[in-house]
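Visitor: Got a structure here, written out as structure tokens. Questions coming.
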Amino acid sequence: MAGSTLEIKDLHVEIDGKEILKGVNLTVKGGEFHAIMGPNGTGKSTLASAIMGHPNYEVTKGSILMDGEDVLEMEVDERAKAGLFLGMQYPSEISGVTTSEFLRSAINAHREEGNEIPLMKFIKEMDRVMDFLDIDKNMAQRYLNEGFSGGEKKRNEILQLMLLKPKIGILDEIDSGLDIDALKIVSKGINELRSDDFGCLIITHYQRLLNYVTPDFVHVMMQGRIVKSGGAELVERLEAEGYEWIKEELGIEDETVGQDA
Ligand SMILES: Nc1ncnc2c1ncn2[C@@H]1O[C@H](COP(=O)(O)OP(=O)(O)O)[C@@H](O)[C@H]1O
Ligand SMILES: [Mg+2]
């Protein structure tokens with residue numbers, strides 16, 4: 001089967017009774033790289049969290065479908081099994097579980113019982129991807145994210161992405177806090193995944209990652225909605241001129257959402 005389709009329609013999301021997303025429409029298909037850009041506090045991470053089923057985020061209207069299946073009816077692990085992957089803006093530390101153990105159980109969670117990945121095959125595959133991403137092999141035996149630097153956490157996320165091979169990947173600020181070398185490696189990993197079987201939603205505040213990973217579609221989020229969409233040329237314009245021209249064009253004074261005045 002070719003790639004999957006993630007379809008978000010008129011999505012409204014509340015946190016603590018406050019509406020943050022106010023009607024998001026977006027379709028991501030296998031083979032497509034979409035970027036969501038926008039100033040801070042405009043709802044970008046809320047969208048990622050709602051797609052992955054974070055319990056604090058209540059969908060009050062609209063739908064999320066994965067190949068026609070209702071994602072909102074799925075538990076978090078079922079969403080992963082359906083082929084969704086979320087890289088976190090602030091990945092959590094898991095004490096007592098090594099990176100290697102975590103990765104292997106995550107891979108096996110996607111497989112049927114009795115069809116677990118053989119240990120040697122897993123180690124070989126993990127080693128290969130760690131080499132590709134220039135990750136220190138010691139990381140495999142360290143507790144997940146514990147004491148990892150910002151750059152190590154982000155590389156670790158791409159490691160997960162490359163080993164789990166989801167159908168749709170959602171990367172939230174994967175580029176934040178990376179130096180240029182780490183940014184290039186993270187980009188190399190994302191580009192390596194480009195195929196008809198993989199669609200990607202890249203959420204970022206800055207354009208610099210998008211200088212290395214060229215998006216097919218670029219969307220700007222403000223006030224909890226996608227207010228502008230275009231192609232890669234939109235990244236260049238945002239880099240040169242910032243977000244002000246969009247606010248002026250649309251008559252938006254405060255682009256943020258959900259903040260008490
Ligand atoms: N866990 C939370 N609890 C309360 N309010 C939140 C929470 N997460 C986000 N918000 C509200 O939603 C708004 C949008 O946040 P977010 O989606 O993180 O924006 P972005 O990722 O674009 O910076 C924030 O300004 C804040 O008011
Ligand atoms: Mg965010």
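Residues in the structure tokens are numbered from 1 in each chain, the chains being A, B, ... in the order shown, and ligands are numbered from 1 in the order shown.
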Would you list the residues that come within 6 Å of ligand 1? Count only C-alpha atoms and all ligand atoms and give the answer as a ChimeraX atom specification.

Guide: /A:15,20,40-46,257-259

Visitor: Taking only C-alpha atoms and all ligand atoms into account, list the residues no farther than 12 Å from ligand 2, as a PyMOL selection string.

Guide: chain A and resi 36-49+87-90+171-176+202-206+221+224+256

Visitor: Any chance you could list, as a list in words, the residues in segment 75-245 of chain A that come up strand (DSSP E) when DSSP is run on the backbone?

Guide: Leu84, Phe85, Leu86, Gly87, Ile168, Gly169, Ile170, Leu171, Asp172, Gly199, Cys200, Leu201, Ile202, Ile203, Thr204, Phe217, Val218, His219, Val220, Met221, Met222, Arg225, Ile226, Val227, Lys228, Ser229 and Gly230 of chain A

Visitor: Taking N, CA and C atoms for each residue, export the selection above as a CSV table (one decimal), in the first residue's frame.

Guide:
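again-v2.csv, freshly written:
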```csv
chain,number,residue,atom,x,y,z
A,84,LEU,N,1.0,6.8,13.3
A,84,LEU,CA,1.3,8.2,13.7
A,84,LEU,C,2.5,8.3,14.6
A,85,PHE,N,3.4,9.2,14.4
A,85,PHE,CA,4.5,9.4,15.3
A,85,PHE,C,4.6,10.9,15.7
A,86,LEU,N,4.7,11.1,17.0
A,86,LEU,CA,4.9,12.5,17.5
A,86,LEU,C,6.2,12.7,18.2
A,87,GLY,N,7.0,13.6,17.6
A,87,GLY,CA,8.2,14.0,18.3
A,87,GLY,C,7.9,15.2,19.2
A,168,ILE,N,3.0,8.7,9.2
A,168,ILE,CA,2.9,10.1,9.3
A,168,ILE,C,3.7,10.5,10.5
A,169,GLY,N,4.7,11.4,10.3
A,169,GLY,CA,5.5,11.9,11.4
A,169,GLY,C,5.2,13.3,11.7
A,170,ILE,N,5.0,13.7,13.0
A,170,ILE,CA,4.8,15.0,13.4
A,170,ILE,C,5.9,15.5,14.3
A,171,LEU,N,6.7,16.5,13.8
A,171,LEU,CA,7.9,16.9,14.5
A,171,LEU,C,7.7,18.3,15.1
A,172,ASP,N,7.6,18.5,16.4
A,172,ASP,CA,7.3,19.8,17.0
A,172,ASP,C,8.6,20.4,17.4
A,199,GLY,N,4.7,10.6,5.2
A,199,GLY,CA,4.3,12.0,5.2
A,199,GLY,C,4.7,12.7,6.5
A,200,CYS,N,5.1,14.0,6.4
A,200,CYS,CA,5.7,14.6,7.6
A,200,CYS,C,5.1,16.0,7.8
A,201,LEU,N,4.8,16.3,9.1
A,201,LEU,CA,4.3,17.6,9.5
A,201,LEU,C,5.4,18.2,10.4
A,202,ILE,N,6.0,19.2,9.8
A,202,ILE,CA,7.2,19.8,10.5
A,202,ILE,C,6.7,21.1,11.1
A,203,ILE,N,6.7,21.2,12.5
A,203,ILE,CA,6.2,22.4,13.2
A,203,ILE,C,7.4,23.2,13.6
A,204,THR,N,7.5,24.4,13.2
A,204,THR,CA,8.7,25.2,13.6
A,204,THR,C,8.4,26.7,13.6
A,217,PHE,N,4.6,22.0,1.2
A,217,PHE,CA,3.5,22.9,1.6
A,217,PHE,C,3.9,23.6,2.9
A,218,VAL,N,3.6,24.9,2.9
A,218,VAL,CA,3.9,25.7,4.1
A,218,VAL,C,2.6,26.4,4.6
A,219,HIS,N,2.4,26.2,5.9
A,219,HIS,CA,1.2,26.8,6.5
A,219,HIS,C,1.6,27.7,7.6
A,220,VAL,N,0.9,28.8,7.7
A,220,VAL,CA,1.2,29.8,8.8
A,220,VAL,C,0.0,29.7,9.8
A,221,MET,N,0.3,29.5,11.1
A,221,MET,CA,-0.8,29.5,12.1
A,221,MET,C,-0.8,30.7,12.9
A,222,MET,N,-2.0,31.3,13.0
A,222,MET,CA,-2.2,32.4,13.9
A,222,MET,C,-3.6,32.3,14.5
A,225,ARG,N,-5.6,29.1,14.0
A,225,ARG,CA,-6.1,28.6,12.7
A,225,ARG,C,-4.9,28.7,11.7
A,226,ILE,N,-5.0,28.0,10.6
A,226,ILE,CA,-4.1,28.2,9.5
A,226,ILE,C,-4.6,29.4,8.7
A,227,VAL,N,-3.8,30.4,8.7
A,227,VAL,CA,-4.3,31.7,8.1
A,227,VAL,C,-3.7,31.9,6.7
A,228,LYS,N,-2.7,31.1,6.4
A,228,LYS,CA,-2.0,31.3,5.1
A,228,LYS,C,-1.3,30.0,4.7
A,229,SER,N,-1.4,29.6,3.4
A,229,SER,CA,-0.7,28.4,2.9
A,229,SER,C,-0.1,28.7,1.6
A,230,GLY,N,1.0,28.0,1.4
A,230,GLY,CA,1.8,28.2,0.1
A,230,GLY,C,2.8,27.1,-0.1
```

Visitor: Could you tell me how far atom CA of Val213 of chain A lies from atom CA of Ile190 of chain A, in Å and to one decimal?

Guide: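 Distance between the two atoms: 7.3 Å.
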
Visitor: Would you pick out the contacts of Ile252 of chain A at 9 Å or less, using only C-alpha atoms, so that residues sharing its chain but fewer than 5 positions from it are not included, and give the list as JSON, numbers by chain?

Guide: {"A": [222, 223, 246, 247]}

Visitor: Could you check which of A:Asn145, A:Ser100, A:Asn108, A:Ser187 is closest to Phe132 of chain A, using only C-alpha atoms?

Guide: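 Ranked by minimum distance to Phe132 of chain A, first place goes to A:Ser187.
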
Visitor: One decimal, Å: what's the distance from atom CA of Val97 of chain A over to atom CA of Leu144 of chain A, could you say?

Guide: 6.1 Å

Visitor: Between A:Ala109, A:Leu21, A:Leu6, A:Met139, single out the one closest to Val71 of chain A, counting only C-alpha atoms.

Guide: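 Ranking A:Ala109, A:Leu21, A:Leu6, A:Met139 by distance to Val71 of chain A, first place goes to A:Leu6.
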